[in-house]
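Colleague: One structure is given below, represented as structure tokens, and several questions about it will come after.
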Amino acid sequence: MFTAAALVSSPPLLIPELAGGAAAETAGLRVASTDVAARLGELSTRWTAIGVGRTECEFPATTSGSFRGYGADVRVALSDEAPEAFDPDLPLAALIAGWLRAAAPAETVVDAIIVAEDTSPVYCAELGVRLRERLDAEPLNHGVLVVADGARTLTAKAPGAFDERAPEAQGELDRALDSGDTEYLAELDPVACLDIGIEGRAAWQVLAGLFGRRPRATQTYYQGAPYGVGYHVGMWLP
């Protein structure tokens, strides 16, 4: 049975060993992320993580990874059964899911679905619908962890520099994630999002397909843009 969806972001600076002197600046985001992961773990110890990458791929719970490519060899695993040998090319969204798993009960296991950044809204919706059907058919509780970032063009020092369209677009996105507006998320334009640098678009459209209608309840744990990138942490209940 599908129990809840936790929404998190994927900055590598979320990891203390990678943040260095910036650890204090990301403390609020880090605490919110581990808190929502712990809450998801209370509702279910079986998760499916949804993220965005260059190509579509899936990773089973027997997968391990490392943040070595981001500056520190911090090892993560999608379950306690994962081998020590790690996949050096594990996408960032799956790495974040593995890191957040540590905030949940030890028996928590995660499988990850990575959708390509240029995936069509129709396919994202279909993927969400199929996932919901599969999870609702399971006898045990099953949660979803959506790993996605907002606009990366909110300030002059942002990774994508400043785009004057970004603040308004991020404001609308924040509102939709706060309120559970699945209709708005489903209608996000892939070309416009790519142009503005809203890299989590495809994952949020899978989320919209997963719910179909507005969630029964939503809670926002964090919303901000400390480095000119829109970050959101929250939970939706079906």
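Each chain of the structure tokens is named A, B, ... in the order shown, its residues numbered from 1; ligands are numbered from 1 in display order.
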Could you write out, as an NGL selection string, all the residues of range 70-200 of chain A that DSSP marks as helix (DSSP H, G or I)?

Modeller: :A and (70 or 92-101 or 121-137 or 166-179 or 182-186 or 190-196)

Colleague: Name the residues in contact with range 98-114 of chain A at a cut-off of 6 Å, using only C-alpha atoms, excluding same-chain residues fewer than 4 positions from it; report them as JSON, numbers by chain.

Modeller: {"A": [34, 38, 41, 45, 46, 47, 48, 49, 50, 51, 52, 53, 56, 57, 58, 59, 60, 61, 76, 77, 78, 79]}

Colleague: So which residues touch Ala4 in chain A within 12 Å, counting only C-alpha atoms, skipping near sequence neighbours fewer than 6 positions away, as a PyMOL selection string?

Modeller: chain A and resi 36-37+39-49+132+135-136+141-146+207+210-211+215-219+234-238

Colleague: In Å, how far is it from CA of Ser120 in chain A to CA of Glu133 in chain A?

Modeller: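 CA of Ser120 in chain A sits 20.3 Å away from CA of Glu133 in chain A.
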
Colleague: Do a neighbour search on Glu126 in chain A at 10 Å with only C-alpha atoms, toss out local chain neighbours closer than 5 positions, and write the hits as a PyMOL selection string.

Modeller: chain A and resi 121+131-132+205-206+208-210

Colleague: Apply DSSP to the backbone of this structure and, from chain A, keep only the residues in strand (DSSP E or B); write these as JSON, numbers by chain.

Modeller: {"A": [2, 3, 4, 5, 6, 7, 8, 46, 47, 48, 49, 50, 51, 52, 53, 57, 58, 59, 64, 65, 66, 75, 76, 77, 109, 110, 111, 112, 113, 114, 115, 116, 142, 143, 144, 145, 146, 147, 151, 198, 217, 218, 219, 220, 221, 222, 223, 224, 231, 232, 233, 234, 235, 236, 237]}

Colleague: Neighbouring residues of Thr119 in chain A were defined as those with any atom within 12 Å, considering only C-alpha atoms; residues of the same chain fewer than 2 positions away were excluded. Please report them as a ChimeraX atom specification.

Modeller: /A:51-56,114-117,121-127,188-191,193-194,199-206

Colleague: Write the residues of the preceding selection, restricted to C-alpha atoms, as a short mmCIF file (atom, residue, chain, number, x, y, z; two decimals), in the first residue's frame.

Modeller:
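Saved to selection18.cif:
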data_model
loop_
_atom_site.label_atom_id
_atom_site.label_comp_id
_atom_site.auth_asym_id
_atom_site.auth_seq_id
_atom_site.Cartn_x
_atom_site.Cartn_y
_atom_site.Cartn_z
CA GLY A 51 14.98 11.32 -9.45
CA VAL A 52 16.14 12.94 -12.68
CA GLY A 53 19.29 12.15 -14.65
CA ARG A 54 20.73 12.20 -18.13
CA THR A 55 19.16 8.88 -19.08
CA GLU A 56 16.38 6.66 -17.75
CA ILE A 114 15.81 7.75 -12.59
CA VAL A 115 13.88 9.48 -15.37
CA ALA A 116 15.66 11.36 -18.14
CA GLU A 117 15.54 15.15 -17.88
CA PRO A 121 5.02 14.93 -19.42
CA VAL A 122 2.77 12.18 -20.80
CA TYR A 123 5.35 9.47 -20.10
CA CYS A 124 6.03 10.89 -16.61
CA ALA A 125 2.32 10.78 -15.81
CA GLU A 126 2.04 7.21 -17.06
CA LEU A 127 5.05 6.19 -14.99
CA LEU A 188 4.92 22.16 -16.46
CA ASP A 189 6.45 22.82 -19.87
CA PRO A 190 9.62 20.75 -20.45
CA VAL A 191 11.24 23.30 -22.77
CA CYS A 193 11.80 24.33 -17.43
CA LEU A 194 14.98 23.27 -19.18
CA GLU A 199 15.87 20.31 -13.36
CA GLY A 200 13.38 18.42 -11.19
CA ARG A 201 10.47 18.87 -13.61
CA ALA A 202 10.24 15.23 -14.72
CA ALA A 203 10.32 13.85 -11.16
CA TRP A 204 7.54 16.20 -10.06
CA GLN A 205 5.42 15.15 -13.01
CA VAL A 206 5.88 11.51 -11.97
#

Colleague: Just want the 12 Å neighbourhood of Pro16 in chain A, counted on only C-alpha atoms, with same-chain residues fewer than 2 positions away dropped. Output as a VMD selection string.

Modeller: chain A and resid 11 to 14 18 to 27 29 to 31 67 71 to 74 99

Colleague: Take the residues that were just selected and, keeping C-alpha atoms, output them as an mmCIF file, in the first residue's frame.

Modeller:
data_model
loop_
_atom_site.group_PDB
_atom_site.id
_atom_site.type_symbol
_atom_site.label_atom_id
_atom_site.label_comp_id
_atom_site.auth_asym_id
_atom_site.auth_seq_id
_atom_site.Cartn_x
_atom_site.Cartn_y
_atom_site.Cartn_z
ATOM 1 C CA PRO A 11 22.566 19.497 -3.493
ATOM 2 C CA PRO A 12 25.817 17.639 -2.737
ATOM 3 C CA LEU A 13 26.420 20.273 -0.030
ATOM 4 C CA LEU A 14 23.676 18.489 1.905
ATOM 5 C CA LEU A 18 31.165 17.849 1.197
ATOM 6 C CA ALA A 19 29.886 21.102 2.664
ATOM 7 C CA GLY A 20 33.029 21.988 4.612
ATOM 8 C CA GLY A 21 32.829 25.614 5.706
ATOM 9 C CA ALA A 22 29.370 25.931 4.174
ATOM 10 C CA ALA A 23 27.880 23.309 6.520
ATOM 11 C CA ALA A 24 26.226 25.993 8.643
ATOM 12 C CA GLU A 25 24.549 27.559 5.604
ATOM 13 C CA THR A 26 22.944 24.253 4.659
ATOM 14 C CA ALA A 27 22.091 23.186 8.227
ATOM 15 C CA LEU A 29 18.037 22.137 4.674
ATOM 16 C CA ARG A 30 19.971 19.185 6.103
ATOM 17 C CA VAL A 31 17.860 18.958 9.255
ATOM 18 C CA PHE A 67 30.055 10.759 -3.287
ATOM 19 C CA GLY A 71 34.738 15.595 -3.474
ATOM 20 C CA ALA A 72 34.621 13.049 -0.636
ATOM 21 C CA ASP A 73 34.424 9.265 -0.514
ATOM 22 C CA VAL A 74 31.224 9.114 1.522
ATOM 23 C CA TRP A 99 22.330 8.971 2.346
#

Colleague: Measuring between only C-alpha atoms, which one of A:Glu138, A:Asp195, A:Asp149, A:Asp178 shows the shortest distance to Ala161 in chain A?

Modeller: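 Of A:Glu138, A:Asp195, A:Asp149, A:Asp178, the one nearest Ala161 in chain A is A:Asp195, counting only C-alpha atoms.
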
Colleague: CA of Ala166 in chain A and CA of Glu187 in chain A, how far apart in Å?

Modeller: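 Taking CA of Glu187 in chain A as the start and CA of Ala166 in chain A as the end point, the length is 16.9 Å.
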
Colleague: Fewer than 5 positions away in the same chain doesn't count, so skip those; otherwise give me all residues within 12 Å of Lys157 in chain A, counting only C-alpha atoms, as a PyMOL selection string.

Modeller: chain A and resi 152+162-163+225-229

Colleague: Keeping only C-alpha atoms, write those residues as a PDB file, in the first residue's frame.

Modeller:
ATOM      1  CA  ARG A 152      19.112  26.956 -10.690  1.00  0.00           C
ATOM      2  CA  PHE A 162      20.446  34.746 -13.170  1.00  0.00           C
ATOM      3  CA  ASP A 163      17.356  34.440 -15.343  1.00  0.00           C
ATOM      4  CA  ALA A 225      17.394  29.083  -2.232  1.00  0.00           C
ATOM      5  CA  PRO A 226      20.647  29.521  -0.285  1.00  0.00           C
ATOM      6  CA  TYR A 227      22.806  29.172  -3.408  1.00  0.00           C
ATOM      7  CA  GLY A 228      20.447  30.548  -6.008  1.00  0.00           C
ATOM      8  CA  VAL A 229      18.789  27.129  -6.493  1.00  0.00           C
TER       9      VAL A 229
END

Colleague: One decimal, Å: what's the distance from CA of Ser66 in chain A over to CA of Glu81 in chain A, could you say?

Modeller: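 Going from CA of Ser66 in chain A over to CA of Glu81 in chain A, I get 16.0 Å.
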